[in-house]
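Dumped start.cif below, it's mmCIF, C-alpha atoms and all ligand atoms:
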data_entry
#
loop_
_atom_site.label_atom_id
_atom_site.label_comp_id
_atom_site.auth_asym_id
_atom_site.auth_seq_id
_atom_site.Cartn_x
_atom_site.Cartn_y
_atom_site.Cartn_z
CA MET D 1 -46.54 -9.93 -78.84
CA GLU D 2 -44.03 -7.40 -80.04
CA LYS D 3 -40.33 -7.90 -79.47
CA ARG D 4 -38.73 -6.43 -76.37
CA THR D 5 -41.88 -6.68 -74.28
CA PRO D 6 -41.03 -8.27 -70.95
CA VAL D 7 -42.73 -11.64 -70.76
CA VAL D 8 -41.47 -12.39 -67.27
CA THR D 9 -40.47 -9.75 -64.74
CA VAL D 10 -39.03 -10.75 -61.39
CA GLU D 11 -38.50 -7.89 -58.94
CA ASN D 12 -36.64 -8.06 -55.64
CA VAL D 13 -37.73 -11.59 -54.89
CA ASN D 14 -36.67 -13.17 -51.62
CA LYS D 15 -37.12 -16.81 -50.71
CA SER D 16 -35.82 -18.59 -47.64
CA PHE D 17 -36.26 -22.11 -46.35
CA GLY D 18 -35.72 -21.75 -42.60
CA ASP D 19 -32.44 -19.89 -42.28
CA ASN D 20 -31.35 -20.87 -45.79
CA HIS D 21 -31.81 -17.55 -47.64
CA VAL D 22 -31.83 -18.81 -51.25
CA LEU D 23 -33.03 -15.83 -53.32
CA ARG D 24 -31.93 -12.39 -52.12
CA ASP D 25 -33.59 -9.45 -53.83
CA PHE D 26 -33.33 -11.33 -57.11
CA SER D 27 -34.54 -9.35 -60.13
CA MET D 28 -34.63 -10.07 -63.86
CA LYS D 29 -36.58 -9.27 -67.00
CA VAL D 30 -37.10 -11.74 -69.82
CA GLU D 31 -38.18 -10.38 -73.18
CA ALA D 32 -40.43 -12.00 -75.78
CA GLY D 33 -38.59 -14.46 -78.00
CA GLU D 34 -35.47 -14.67 -75.84
CA ASN D 35 -33.67 -17.89 -75.00
CA LEU D 36 -32.41 -16.90 -71.56
CA VAL D 37 -30.12 -19.24 -69.66
CA ILE D 38 -29.70 -19.07 -65.90
CA LEU D 39 -26.36 -20.39 -64.73
CA GLY D 40 -25.44 -20.94 -61.10
CA LYS D 41 -23.77 -23.47 -58.86
CA SER D 42 -25.59 -26.52 -57.59
CA GLY D 43 -27.90 -25.42 -54.79
CA SER D 44 -27.78 -21.74 -55.80
CA GLY D 45 -31.55 -21.55 -56.25
CA LYS D 46 -32.09 -21.95 -60.00
CA SER D 47 -34.89 -24.50 -59.63
CA VAL D 48 -36.43 -22.51 -56.80
CA LEU D 49 -36.48 -19.45 -59.06
CA ILE D 50 -38.28 -21.15 -61.93
CA LYS D 51 -40.69 -22.83 -59.55
CA CYS D 52 -41.50 -19.36 -58.14
CA ILE D 53 -42.29 -18.21 -61.70
CA ILE D 54 -45.10 -20.78 -61.99
CA LYS D 55 -45.96 -20.46 -58.33
CA LEU D 56 -45.10 -24.03 -57.45
CA ILE D 57 -43.17 -22.26 -54.69
CA GLU D 58 -44.43 -19.07 -53.00
CA THR D 59 -41.98 -16.20 -52.60
CA ASP D 60 -41.49 -14.45 -49.25
CA SER D 61 -41.40 -10.98 -50.80
CA GLY D 62 -40.99 -9.20 -54.11
CA SER D 63 -43.15 -9.51 -57.21
CA ILE D 64 -43.34 -11.71 -60.29
CA THR D 65 -45.25 -10.75 -63.43
CA VAL D 66 -45.78 -13.33 -66.16
CA LEU D 67 -47.41 -12.42 -69.48
CA GLY D 68 -48.63 -9.18 -67.93
CA LYS D 69 -50.15 -10.82 -64.83
CA ASP D 70 -48.98 -10.37 -61.26
CA ILE D 71 -48.99 -14.01 -60.16
CA ASP D 72 -49.72 -13.14 -56.52
CA ALA D 73 -52.93 -11.39 -57.53
CA LEU D 74 -54.36 -14.40 -59.38
CA GLY D 75 -57.07 -16.72 -58.11
CA GLU D 76 -56.79 -20.47 -58.60
CA ASP D 77 -58.66 -20.47 -61.96
CA GLU D 78 -56.66 -17.57 -63.39
CA LEU D 79 -53.44 -19.18 -62.23
CA ASN D 80 -54.43 -22.40 -63.98
CA ARG D 81 -55.16 -20.52 -67.19
CA LEU D 82 -51.80 -18.78 -66.98
CA ARG D 83 -50.06 -22.11 -66.36
CA ALA D 84 -51.47 -23.36 -69.67
CA ASP D 85 -49.35 -20.66 -71.34
CA ILE D 86 -46.22 -21.70 -69.45
CA GLY D 87 -44.60 -24.99 -70.37
CA PHE D 88 -42.38 -26.60 -67.76
CA LEU D 89 -39.92 -29.26 -68.84
CA PHE D 90 -38.88 -31.03 -65.64
CA GLN D 91 -35.39 -32.41 -65.28
CA SER D 92 -36.93 -35.82 -64.60
CA ASN D 93 -39.27 -35.46 -67.65
CA ALA D 94 -42.18 -36.48 -65.37
CA LEU D 95 -43.65 -38.88 -67.93
CA TYR D 96 -46.20 -41.40 -66.70
CA ASP D 97 -44.56 -44.80 -67.08
CA SER D 98 -47.84 -46.70 -67.14
CA MET D 99 -49.21 -44.65 -70.06
CA THR D 100 -48.34 -44.76 -73.75
CA VAL D 101 -46.73 -41.78 -75.42
CA LYS D 102 -50.13 -40.80 -76.82
CA GLU D 103 -51.79 -40.96 -73.40
CA ASN D 104 -48.97 -38.91 -71.91
CA LEU D 105 -49.59 -36.21 -74.51
CA LEU D 106 -53.34 -36.34 -73.96
CA PHE D 107 -52.83 -35.62 -70.28
CA PRO D 108 -52.37 -31.82 -70.46
CA LEU D 109 -55.24 -31.59 -72.95
CA ARG D 110 -57.57 -33.27 -70.43
CA ARG D 111 -56.75 -30.54 -67.96
CA HIS D 112 -56.88 -27.57 -70.30
CA TRP D 113 -59.15 -28.42 -73.28
CA SER D 114 -62.90 -29.09 -73.30
CA LYS D 115 -64.10 -32.61 -74.13
CA GLU D 116 -65.49 -31.28 -77.42
CA ASP D 117 -62.15 -29.73 -78.43
CA ARG D 118 -60.33 -32.92 -77.49
CA GLU D 119 -62.64 -35.02 -79.63
CA LYS D 120 -62.16 -32.68 -82.59
CA MET D 121 -58.49 -31.79 -82.34
CA ALA D 122 -56.52 -33.95 -79.91
CA ASP D 123 -55.31 -36.53 -82.46
CA ALA D 124 -53.97 -33.88 -84.83
CA ALA D 125 -52.38 -31.92 -81.97
CA ILE D 126 -50.65 -35.02 -80.60
CA LEU D 127 -49.33 -35.93 -84.02
CA GLU D 128 -48.03 -32.42 -84.70
CA ALA D 129 -46.30 -32.23 -81.31
CA LEU D 130 -44.66 -35.60 -81.94
CA GLU D 131 -43.63 -34.52 -85.44
CA ASP D 132 -42.09 -31.36 -83.94
CA VAL D 133 -39.73 -33.57 -81.95
CA GLY D 134 -39.22 -36.12 -84.73
CA LEU D 135 -40.90 -38.99 -82.90
CA ALA D 136 -44.30 -39.54 -84.55
CA HIS D 137 -43.53 -43.26 -84.83
CA THR D 138 -43.41 -43.70 -81.03
CA ILE D 139 -47.05 -42.73 -80.52
CA ASN D 140 -48.12 -46.14 -79.19
CA MET D 141 -44.92 -46.95 -77.32
CA MET D 142 -44.36 -46.91 -73.55
CA PRO D 143 -41.79 -44.50 -72.03
CA ALA D 144 -39.71 -47.48 -70.82
CA GLU D 145 -39.16 -48.50 -74.45
CA LEU D 146 -37.50 -45.16 -75.26
CA SER D 147 -33.94 -43.90 -74.76
CA GLY D 148 -33.16 -40.99 -72.41
CA GLY D 149 -32.96 -38.54 -75.32
CA MET D 150 -36.26 -39.81 -76.74
CA ARG D 151 -37.98 -39.45 -73.35
CA LYS D 152 -36.72 -35.87 -73.18
CA ARG D 153 -38.19 -35.23 -76.65
CA ILE D 154 -41.54 -36.73 -75.62
CA ALA D 155 -41.56 -34.56 -72.50
CA LEU D 156 -40.90 -31.57 -74.74
CA ALA D 157 -43.72 -32.62 -77.09
CA ARG D 158 -46.05 -32.83 -74.09
CA THR D 159 -45.02 -29.30 -73.14
CA LEU D 160 -45.48 -28.02 -76.71
CA ILE D 161 -48.95 -29.44 -77.19
CA LEU D 162 -50.53 -26.52 -75.31
CA ARG D 163 -48.52 -24.05 -77.44
CA PRO D 164 -46.96 -22.33 -74.43
CA LYS D 165 -45.81 -18.74 -74.78
CA VAL D 166 -43.08 -19.33 -72.20
CA ILE D 167 -41.13 -22.57 -71.76
CA LEU D 168 -39.15 -23.24 -68.60
CA TYR D 169 -36.46 -25.89 -69.02
CA ASP D 170 -34.84 -27.41 -65.92
CA GLU D 171 -31.45 -28.81 -66.95
CA PRO D 172 -32.67 -30.20 -70.27
CA THR D 173 -29.42 -31.94 -71.22
CA THR D 174 -28.31 -33.27 -67.83
CA GLY D 175 -27.77 -37.02 -67.93
CA LEU D 176 -27.61 -37.16 -71.73
CA ASP D 177 -24.48 -37.95 -73.73
CA PRO D 178 -22.91 -34.93 -75.53
CA ILE D 179 -24.33 -35.81 -78.96
CA THR D 180 -27.87 -36.30 -77.65
CA GLY D 181 -27.42 -33.13 -75.57
CA ARG D 182 -26.59 -31.22 -78.76
CA GLU D 183 -29.64 -32.69 -80.52
CA ILE D 184 -31.90 -31.58 -77.68
CA SER D 185 -30.30 -28.11 -77.70
CA GLN D 186 -30.92 -27.84 -81.46
CA LEU D 187 -34.50 -28.95 -80.93
CA MET D 188 -34.98 -26.20 -78.34
CA ILE D 189 -33.73 -23.66 -80.90
CA ASP D 190 -36.07 -25.08 -83.57
CA VAL D 191 -39.04 -24.95 -81.21
CA GLN D 192 -38.28 -21.37 -80.25
CA LYS D 193 -38.19 -20.41 -83.94
CA LYS D 194 -41.34 -22.29 -84.91
CA TYR D 195 -43.51 -21.04 -82.05
CA ASN D 196 -41.66 -17.81 -81.19
CA ALA D 197 -41.84 -18.95 -77.58
CA THR D 198 -39.74 -17.38 -74.86
CA SER D 199 -37.47 -19.84 -73.11
CA ILE D 200 -35.91 -19.73 -69.67
CA VAL D 201 -33.35 -22.46 -69.34
CA ILE D 202 -31.47 -23.66 -66.30
CA SER D 203 -28.30 -25.38 -67.30
CA HIS D 204 -24.73 -26.19 -66.31
CA ASP D 205 -23.95 -27.59 -69.74
CA LEU D 206 -21.68 -25.05 -71.45
CA ASN D 207 -22.09 -26.73 -74.85
CA CYS D 208 -25.87 -26.46 -74.59
CA ILE D 209 -25.69 -22.90 -73.26
CA LYS D 210 -23.34 -21.78 -76.01
CA MET D 211 -25.76 -23.10 -78.63
CA ILE D 212 -29.01 -21.76 -77.29
CA ALA D 213 -28.45 -18.70 -75.10
CA ASN D 214 -29.23 -15.27 -76.51
CA ARG D 215 -28.44 -14.03 -73.02
CA MET D 216 -27.32 -15.47 -69.71
CA ILE D 217 -27.86 -14.55 -66.09
CA MET D 218 -25.43 -15.63 -63.39
CA LEU D 219 -27.27 -16.52 -60.17
CA ILE D 220 -24.69 -16.07 -57.43
CA ASN D 221 -25.37 -15.66 -53.69
CA GLY D 222 -29.08 -15.44 -54.42
CA LYS D 223 -28.69 -12.44 -56.71
CA ASN D 224 -28.67 -11.65 -60.40
CA TYR D 225 -24.91 -11.18 -60.25
CA ALA D 226 -24.24 -10.56 -63.93
CA SER D 227 -25.98 -10.79 -67.27
CA GLY D 228 -24.73 -10.85 -70.84
CA THR D 229 -24.14 -13.02 -73.87
CA PHE D 230 -22.13 -16.23 -73.57
CA HIS D 231 -19.09 -14.54 -75.10
CA GLU D 232 -19.37 -11.47 -72.87
CA LEU D 233 -19.51 -13.55 -69.70
CA GLU D 234 -16.87 -15.99 -70.92
CA ALA D 235 -14.52 -13.00 -71.33
CA ALA D 236 -15.32 -11.55 -67.88
CA THR D 237 -12.42 -11.03 -65.49
CA ASP D 238 -14.54 -11.32 -62.32
CA SER D 239 -13.36 -14.45 -60.49
CA LYS D 240 -16.89 -15.57 -59.49
CA ILE D 241 -17.94 -15.55 -63.17
CA LYS D 242 -14.69 -16.97 -64.50
CA GLU D 243 -14.94 -20.15 -62.47
CA PHE D 244 -18.00 -21.28 -64.47
CA PHE D 245 -16.02 -21.22 -67.70
CA GLU D 246 -12.86 -22.95 -66.45
N1 LIG D 301 -38.93 -27.38 -50.89
C1 LIG D 301 -37.77 -27.07 -50.30
N2 LIG D 301 -37.66 -27.09 -48.97
C2 LIG D 301 -36.51 -26.75 -48.35
N3 LIG D 301 -35.39 -26.37 -49.01
C3 LIG D 301 -35.45 -26.32 -50.34
C4 LIG D 301 -36.64 -26.67 -51.06
N4 LIG D 301 -36.40 -26.53 -52.38
C5 LIG D 301 -35.12 -26.11 -52.49
N5 LIG D 301 -34.55 -25.99 -51.29
C6 LIG D 301 -33.19 -25.52 -51.00
O1 LIG D 301 -32.96 -24.36 -51.76
C7 LIG D 301 -31.62 -24.34 -52.24
C8 LIG D 301 -31.62 -24.15 -53.76
O2 LIG D 301 -32.14 -25.33 -54.37
P1 LIG D 301 -32.35 -25.47 -55.94
O3 LIG D 301 -32.96 -26.80 -56.18
O4 LIG D 301 -33.05 -24.28 -56.46
O5 LIG D 301 -30.85 -25.44 -56.45
P2 LIG D 301 -30.31 -25.47 -57.96
O6 LIG D 301 -29.54 -24.21 -58.16
O7 LIG D 301 -31.44 -25.74 -58.89
O8 LIG D 301 -29.32 -26.70 -57.85
P3 LIG D 301 -28.98 -27.90 -58.86
O9 LIG D 301 -28.16 -27.29 -59.94
O10 LIG D 301 -28.18 -28.83 -58.01
O11 LIG D 301 -30.28 -28.49 -59.33
C9 LIG D 301 -30.96 -25.62 -51.77
O12 LIG D 301 -30.21 -25.34 -50.60
C10 LIG D 301 -32.13 -26.52 -51.47
O13 LIG D 301 -31.82 -27.42 -50.42
#
Any chance you could put this one into structure tokens?
Amino acid sequence: MEKRTPVVTVENVNKSFGDNHVLRDFSMKVEAGENLVILGKSGSGKSVLIKCIIKLIETDSGSITVLGKDIDALGEDELNRLRADIGFLFQSNALYDSMTVKENLLFPLRRHWSKEDREKMADAAILEALEDVGLAHTINMMPAELSGGMRKRIALARTLILRPKVILYDEPTTGLDPITGREISQLMIDVQKKYNATSIVISHDLNCIKMIANRMIMLINGKNYASGTFHELEAATDSKIKEFFE
């Protein structure tokens, strides 16, 4: 895909829960190869927005196009195929505690690869994904035997195994110490370079954001309030933007 093609387009999206109007005519475009960070206060709707992008949550109005497909026009099978191209790294990692690292990585392949492909290629794919995150030696370990940073890496490896074109990260460094947070941020940069994936990252962590963001969007009062590079927004005089950097 050539540079500057929108990979995700969100147009005038509204989403309410009862009388809680979370997204208000929210619009954004994300271009191929970008590392876009969405910054907003707790409860501002960042998770709701990325869940709308993979249709885990239905919007009330507006449109969302991902990799050229209007997600509201897709049937269940097409939506599933599209979801294989979109990696979602949950804040909780969502690893299965009763499965080994290898079994955790096999899980998405069971859903999206044929039995024949799995028999031929799963072992090599699992090893490569683990090598990408520097954890090949943990292949037979259980998640409980790993540190928080290692679990985050395994969750990322499980996302990478399907070679997603778009990766959605929900607060990837929350709960990690600053050094581990930096390592994860560096890994996200490395992954973006290796696979030329497009990343949409929700984060409050200014150190992480400063490292990874090519561009940022401020989600304020349900709207795309401002967009720019870290340095542009850091230098903004608008009080609503300034408070994030203080
Ligand atoms: N399934 C749901 N049902 C009802 N309300 C919801 C649901 N999901 C989210 N909300 C509400 O939508 C608002 C935005 O939530 P969201 O999780 O997107 O916030 P956030 O910006 O990601 O916050 P944080 O940084 O704390 O994770 C909150 O008021 C939340 O209570």
- prompt: Mind listing the residues within 12 Å of ligand LIG 301 (chain D), all atoms listed in the file counted, as JSON, numbers by chain?
  reply: {"D": [14, 15, 16, 17, 18, 19, 20, 21, 22, 23, 24, 38, 39, 40, 41, 42, 43, 44, 45, 46, 47, 48, 49, 50, 51, 52, 56, 57, 58, 59, 90, 91, 92, 169, 170, 171, 172, 174, 201, 202, 203, 204, 205, 218, 219, 220, 221, 222, 223]}
- prompt: Do you know which residues are at most 10 Å from range 139-150 of chain D counting only C-alpha atoms, after dropping those on the same chain fewer than 3 positions away, and could you put them as an NGL selection string?
  reply: :D and (93 or 95-105 or 126-127 or 130 or 133-136 or 153-156 or 172-173 or 175-177 or 179-181 or 183-184)
field: Atomic separation - CA of Thr229 in chain D relative to CA of Phe244 in chain D, Å
entry: 13.9 Å
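Of the listed residues D:Gln186, D:Gln192, D:Ser199, D:Thr159, the one whose atoms come nearest to Gly87 in chain D is D:Thr159, with distances taken using all atoms listed in the file.
CA of Glu243 in chain D sits 22.9 Å away from CA of Arg182 in chain D.
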Box along x, y and z, 4 Å on every side, all listed atoms of range 85-99 of chain D inside: centre and edge lengths in Å to one decimal, as AutoDock Vina command-line options.
--center_x -42.4 --center_y -33.7 --center_z -68.0 --size_x 22.0 --size_y 34.0 --size_z 14.7
- request: For Glu31 in chain D, list every protein, DNA or RNA residue within 12 Å, evaluated using all atoms listed in the file, and leave out those in the same chain fewer than 5 positions away; present the list as number ranges by chain.
  value: D: 1-10, 36, 66-68, 165-166, 196-200, 214-215
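Picture a line from CA of Leu106 in chain D to CA of Ile54 in chain D; it runs 21.3 Å.
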From D:Lys193, D:His112, D:His137, D:Lys152, residue lying nearest Arg81 in chain D [only C-alpha atoms]: D:His112
field: Closest of D:Ser227, D:Lys242, D:Pro164, D:Thr237 to Leu89 in chain D - atom-to-atom distances counting only C-alpha atoms
entry: D:Pro164
Protein/DNA/RNA residues near (-54.7, -32.6, -68.2), cut 12 Å, all atoms listed in the file, as a PDB file with C-alpha atoms, in the frame of the given file:
ATOM      1  CA  ASN D  80     -54.430 -22.400 -63.980  1.00  0.00           C
ATOM      2  CA  ARG D  83     -50.060 -22.110 -66.360  1.00  0.00           C
ATOM      3  CA  ALA D  84     -51.470 -23.360 -69.670  1.00  0.00           C
ATOM      4  CA  GLU D 103     -51.790 -40.960 -73.400  1.00  0.00           C
ATOM      5  CA  ASN D 104     -48.970 -38.910 -71.910  1.00  0.00           C
ATOM      6  CA  LEU D 105     -49.590 -36.210 -74.510  1.00  0.00           C
ATOM      7  CA  LEU D 106     -53.340 -36.340 -73.960  1.00  0.00           C
ATOM      8  CA  PHE D 107     -52.830 -35.620 -70.280  1.00  0.00           C
ATOM      9  CA  PRO D 108     -52.370 -31.820 -70.460  1.00  0.00           C
ATOM     10  CA  LEU D 109     -55.240 -31.590 -72.950  1.00  0.00           C
ATOM     11  CA  ARG D 110     -57.570 -33.270 -70.430  1.00  0.00           C
ATOM     12  CA  ARG D 111     -56.750 -30.540 -67.960  1.00  0.00           C
ATOM     13  CA  HIS D 112     -56.880 -27.570 -70.300  1.00  0.00           C
ATOM     14  CA  TRP D 113     -59.150 -28.420 -73.280  1.00  0.00           C
ATOM     15  CA  SER D 114     -62.900 -29.090 -73.300  1.00  0.00           C
ATOM     16  CA  LYS D 115     -64.100 -32.610 -74.130  1.00  0.00           C
ATOM     17  CA  ARG D 118     -60.330 -32.920 -77.490  1.00  0.00           C
ATOM     18  CA  ALA D 122     -56.520 -33.950 -79.910  1.00  0.00           C
ATOM     19  CA  ARG D 158     -46.050 -32.830 -74.090  1.00  0.00           C
ATOM     20  CA  THR D 159     -45.020 -29.300 -73.140  1.00  0.00           C
ATOM     21  CA  ILE D 161     -48.950 -29.440 -77.190  1.00  0.00           C
ATOM     22  CA  LEU D 162     -50.530 -26.520 -75.310  1.00  0.00           C
TER      23      LEU D 162
END
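When only C-alpha atoms are used to measure the gap to Phe230 in chain D, the shortest distance among D:Arg151, D:Lys69, D:Lys210, D:Lys194 belongs to D:Lys210.
When all atoms listed in the file are used to measure the gap to Val13 in chain D, the shortest distance among D:Phe88, D:Ala129, D:Asp60, D:Ala213 belongs to D:Asp60.
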message: Restricting the calculation to only C-alpha atoms: of D:Asp238, D:Asp132, D:Asp70, D:Glu78, which residue gets closest to Met188 in chain D?
response: D:Asp132
Give me range 10-28 of chain D with N, CA and C atoms filled in, as a PDB file, in the coordinates of the input.
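Saved result, part.pdb, follows:
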ATOM      1  N   VAL D  10     -39.220 -10.340 -62.782  1.00  0.00           N
ATOM      2  CA  VAL D  10     -39.030 -10.750 -61.390  1.00  0.00           C
ATOM      3  C   VAL D  10     -38.389  -9.556 -60.681  1.00  0.00           C
ATOM      4  N   GLU D  11     -39.025  -9.095 -59.598  1.00  0.00           N
ATOM      5  CA  GLU D  11     -38.500  -7.890 -58.940  1.00  0.00           C
ATOM      6  C   GLU D  11     -38.286  -8.120 -57.458  1.00  0.00           C
ATOM      7  N   ASN D  12     -37.016  -8.007 -57.067  1.00  0.00           N
ATOM      8  CA  ASN D  12     -36.640  -8.060 -55.640  1.00  0.00           C
ATOM      9  C   ASN D  12     -37.238  -9.252 -54.904  1.00  0.00           C
ATOM     10  N   VAL D  13     -37.144 -10.406 -55.517  1.00  0.00           N
ATOM     11  CA  VAL D  13     -37.730 -11.590 -54.890  1.00  0.00           C
ATOM     12  C   VAL D  13     -36.788 -12.177 -53.839  1.00  0.00           C
ATOM     13  N   ASN D  14     -37.379 -12.478 -52.692  1.00  0.00           N
ATOM     14  CA  ASN D  14     -36.670 -13.170 -51.620  1.00  0.00           C
ATOM     15  C   ASN D  14     -37.362 -14.491 -51.357  1.00  0.00           C
ATOM     16  N   LYS D  15     -36.551 -15.517 -51.107  1.00  0.00           N
ATOM     17  CA  LYS D  15     -37.120 -16.810 -50.710  1.00  0.00           C
ATOM     18  C   LYS D  15     -36.143 -17.512 -49.785  1.00  0.00           C
ATOM     19  N   SER D  16     -36.639 -17.835 -48.604  1.00  0.00           N
ATOM     20  CA  SER D  16     -35.820 -18.590 -47.640  1.00  0.00           C
ATOM     21  C   SER D  16     -36.527 -19.892 -47.303  1.00  0.00           C
ATOM     22  N   PHE D  17     -35.732 -20.893 -46.972  1.00  0.00           N
ATOM     23  CA  PHE D  17     -36.260 -22.110 -46.350  1.00  0.00           C
ATOM     24  C   PHE D  17     -35.594 -22.150 -44.975  1.00  0.00           C
ATOM     25  N   GLY D  18     -36.330 -21.872 -43.924  1.00  0.00           N
ATOM     26  CA  GLY D  18     -35.720 -21.750 -42.600  1.00  0.00           C
ATOM     27  C   GLY D  18     -34.678 -20.645 -42.647  1.00  0.00           C
ATOM     28  N   ASP D  19     -33.455 -20.947 -42.215  1.00  0.00           N
ATOM     29  CA  ASP D  19     -32.440 -19.890 -42.280  1.00  0.00           C
ATOM     30  C   ASP D  19     -31.592 -19.977 -43.559  1.00  0.00           C
ATOM     31  N   ASN D  20     -32.041 -20.786 -44.498  1.00  0.00           N
ATOM     32  CA  ASN D  20     -31.350 -20.870 -45.790  1.00  0.00           C
ATOM     33  C   ASN D  20     -31.957 -19.814 -46.736  1.00  0.00           C
ATOM     34  N   HIS D  21     -31.291 -18.656 -46.829  1.00  0.00           N
ATOM     35  CA  HIS D  21     -31.810 -17.550 -47.640  1.00  0.00           C
ATOM     36  C   HIS D  21     -31.360 -17.772 -49.090  1.00  0.00           C
ATOM     37  N   VAL D  22     -32.228 -18.348 -49.914  1.00  0.00           N
ATOM     38  CA  VAL D  22     -31.830 -18.810 -51.250  1.00  0.00           C
ATOM     39  C   VAL D  22     -31.853 -17.659 -52.267  1.00  0.00           C
ATOM     40  N   LEU D  23     -32.959 -16.974 -52.389  1.00  0.00           N
ATOM     41  CA  LEU D  23     -33.030 -15.830 -53.320  1.00  0.00           C
ATOM     42  C   LEU D  23     -33.021 -14.538 -52.507  1.00  0.00           C
ATOM     43  N   ARG D  24     -32.122 -13.628 -52.891  1.00  0.00           N
ATOM     44  CA  ARG D  24     -31.930 -12.390 -52.120  1.00  0.00           C
ATOM     45  C   ARG D  24     -32.125 -11.192 -53.040  1.00  0.00           C
ATOM     46  N   ASP D  25     -33.288 -10.610 -52.976  1.00  0.00           N
ATOM     47  CA  ASP D  25     -33.590  -9.450 -53.830  1.00  0.00           C
ATOM     48  C   ASP D  25     -33.248  -9.756 -55.291  1.00  0.00           C
ATOM     49  N   PHE D  26     -33.637 -10.927 -55.723  1.00  0.00           N
ATOM     50  CA  PHE D  26     -33.330 -11.330 -57.110  1.00  0.00           C
ATOM     51  C   PHE D  26     -34.290 -10.613 -58.069  1.00  0.00           C
ATOM     52  N   SER D  27     -33.720 -10.012 -59.110  1.00  0.00           N
ATOM     53  CA  SER D  27     -34.540  -9.350 -60.130  1.00  0.00           C
ATOM     54  C   SER D  27     -34.063  -9.749 -61.522  1.00  0.00           C
ATOM     55  N   MET D  28     -35.002  -9.887 -62.448  1.00  0.00           N
ATOM     56  CA  MET D  28     -34.630 -10.070 -63.860  1.00  0.00           C
ATOM     57  C   MET D  28     -35.840  -9.753 -64.732  1.00  0.00           C
TER      58      MET D  28
END
